[in-house]
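To start, the structure itself, in structure tokens.
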Amino acid sequence: MSTASMPVVSPATDEVRGISRESGAKPFPFLNLKAQYAEIEESVREAVDRVLKSQIFILGEEVKKFEAEVAGLVETPHAIGCASGSDALLLTLMALGIGPGDEVITTPFTFVATVGAVVRLGARPVFVDIDPATFNIDAAQIESVLSDRTRAIIPVHLFGLPANIGAIMQIAKARNLPVIEDAAQALGARYDGRPVGSFGATGCFSFFPSKNLGGAGDGGLITTGDASLAERLRSLRAHGARNKYHYDMVGINSRLDSLQAAILRAKLPHLDCWSAARRGNAERYRGLFADAGLLDVVTLPSCPAECLHVYNQFTIRSTDRDRLRESLQRRGIPSEIYYPVPLHLQRAFESLGYKKGQFPESESASREVLSLPIDPSLQPQQQAEVVHAVAKFYGR
Ligand SMILES: Cc1ncc(COP(=O)(O)O)c(C=O)c1O
């Protein structure tokens, strides 16, 4: 192993905890960005140099080219880079004129940014519980919460698995409601052969470093097929300017840096290959869990036939999740919990008045989910160690 591909976690896990791992293998990280960088270092450095030589750091040609490349990938006419996935959501809601008195339907089992954007604008998030099999919003429950204040629906393609966007688009079209796809975790995922981010009024993407296409810092992007919405979004990300120093509306400062765009352009040609490797790892886990006879004690992620999953996370369920995680930790196996508390029970959203028990599937998912390492550099042997450690916990 070269130093560039050394694990990003502390290598001392076993010694510190006094545990001997049966395999004698080295600890490995949950996400190995150093291994990814070792693969592409030259092209990333070239991209950074190109920008430094140009001394153009805000928007510019790199951002324009990156926007065009992502628009091609997502099969939408327009793509607008911005500072983060959170801002992609916020800018869309601003562009749609959503504010106080408005309701936006979404899921409580998501990253905080989905709901934070709605609340920041004074609108009310109206939660719909998740389908326990997919962790995504249960489309069958959406109609029951529609009201004359509903202004938009935000499905989240959680963990890289498309939400039931076919059914959601039908409900939305019947009422002329915009759908804002939170595709932060799902660049490259497809539903019925069509890329996520191409169905709704907008698709909102994040390039946070842990995403399947991650930058060297924060970054985001909005896709849309609507030319006038695209124009509003371009204006809103630059303080509402239509022409330099002439403002038609109040916007924010949320531009994608040229450096980020150039680095993301260096990584983009690898995305398909990385997503395929993630899917390959997911299939290997399925085989290993089945062979170890663990399918009665853990639930593996489901993937409906119409979906192409990109596995930003491989999230299993266990009714003994906390003890399982502790046991994995003792064996030097990394794991994460996305997300331990659903958003309707977070103090930040207390004033919305939601109560415990209102969204039982989201609440039980929060108690049971455990994400296992899935990144493209993960080795078959490491996956075998993960499954072996789960088997040990269950005494198999
Ligand atoms: C589902 C979801 N929505 C929104 C975001 C926000 O993206 P960012 O971190 O780029 O602001 C994230 C990223 O963490 C996310 O996972």
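Following the order of the structure tokens, chains are lettered A, B, ..., residues in each are numbered from 1, and ligands are numbered from 1.
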Residues up to 9 Å from ligand 1, counting only C-alpha atoms and all ligand atoms: could you list those as a short mmCIF file (atom, residue, chain, number, x, y, z; two decimals) with C-alpha atoms, in the first residue's frame?
data_model
loop_
_atom_site.label_atom_id
_atom_site.label_comp_id
_atom_site.auth_asym_id
_atom_site.auth_seq_id
_atom_site.Cartn_x
_atom_site.Cartn_y
_atom_site.Cartn_z
CA ALA A 83 -21.83 26.96 -3.29
CA SER A 84 -23.40 23.79 -1.82
CA GLY A 85 -26.22 21.28 -2.03
CA SER A 86 -27.92 23.18 0.79
CA ASP A 87 -27.88 26.35 -1.31
CA ALA A 88 -29.14 24.42 -4.36
CA LEU A 89 -32.29 23.68 -2.35
CA THR A 110 -33.09 13.01 5.48
CA PHE A 111 -30.10 15.25 6.05
CA VAL A 112 -31.04 18.45 7.85
CA ALA A 113 -30.44 20.68 4.80
CA THR A 114 -33.58 19.47 3.00
CA VAL A 115 -35.82 20.81 5.74
CA VAL A 156 -34.98 12.89 -1.45
CA HIS A 157 -33.14 10.15 -3.34
CA LEU A 158 -31.65 8.93 -0.09
CA PHE A 159 -28.38 6.98 0.03
CA ASP A 182 -33.03 16.45 -3.52
CA ALA A 183 -30.47 14.42 -5.45
CA ALA A 184 -27.54 15.44 -3.22
CA GLN A 185 -26.61 11.79 -2.65
CA ALA A 186 -27.60 10.42 -6.04
CA CYS A 204 -30.34 19.66 -6.41
CA PHE A 205 -26.87 18.12 -6.17
CA SER A 206 -24.07 18.31 -3.60
CA PHE A 207 -20.35 17.89 -4.12
CA PHE A 208 -19.54 17.62 -0.42
CA PRO A 209 -16.33 15.51 -0.27
CA SER A 210 -18.11 12.31 0.84
CA LYS A 211 -20.54 12.35 -2.09
CA GLY A 217 -14.58 21.50 -0.17
CA ASP A 218 -18.20 22.53 -0.58
CA GLY A 219 -20.00 22.79 -3.89
CA GLY A 220 -23.47 22.30 -5.35
CA LEU A 221 -25.46 22.47 -8.56
#
DSSP alpha helix (DSSP H) residues within region 62-304 of chain A, listed as a PyMOL selection string: chain A and resi 62-74+85-95+112-120+165-174+227-236+258-267+271-291
Å distance separating CA of Ile374 (chain A) from CA of Thr315 (chain A), one decimal place: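 Taking CA of Ile374 (chain A) and CA of Thr315 (chain A), their separation equals 9.5 Å.
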Calculated over only C-alpha atoms, which of the candidates A:Gly353, A:Gly293, A:Pro27, A:Pro376 has the smallest distance to Asn212 (chain A)? A:Pro376
Go through A:Arg347, A:His239, A:Arg325, A:Arg278 one by one, measure the shortest atom-to-atom distance of each to Asp375 (chain A) using only C-alpha atoms, and give the residue with the smallest value.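 For Asp375 (chain A), the nearest of the candidates is A:Arg278.
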Each residue of region 87-143 of chain A lying at most 10 Å from region 166-175 of chain A should get a row with its shortest atom-to-atom pair and the distance in Å to one decimal, counting only C-alpha atoms; could you produce that, ordered by chain and increasing number, as CSV?
residue,atom,partner,partner_atom,distance
A:Ile137,CA,A:Ile168,CA,9.4
A:Asp138,CA,A:Ile168,CA,9.3
A:Ala139,CA,A:Ile168,CA,5.9
A:Ala140,CA,A:Ala167,CA,8.2
A:Ile142,CA,A:Ile171,CA,8.1
A:Glu143,CA,A:Ile171,CA,7.3
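For Ile252 (chain A), the residues within 9 Å (counting only C-alpha atoms, excluding itself and residues fewer than 2 positions away along the chain) are Leu91, Leu236, Arg237, Ala238, His239, Gly240, Val250 and Ser254 of chain A.
Coordinates place CA of Ala117 (chain A) at a distance of 23.1 Å from CA of Val70 (chain A).
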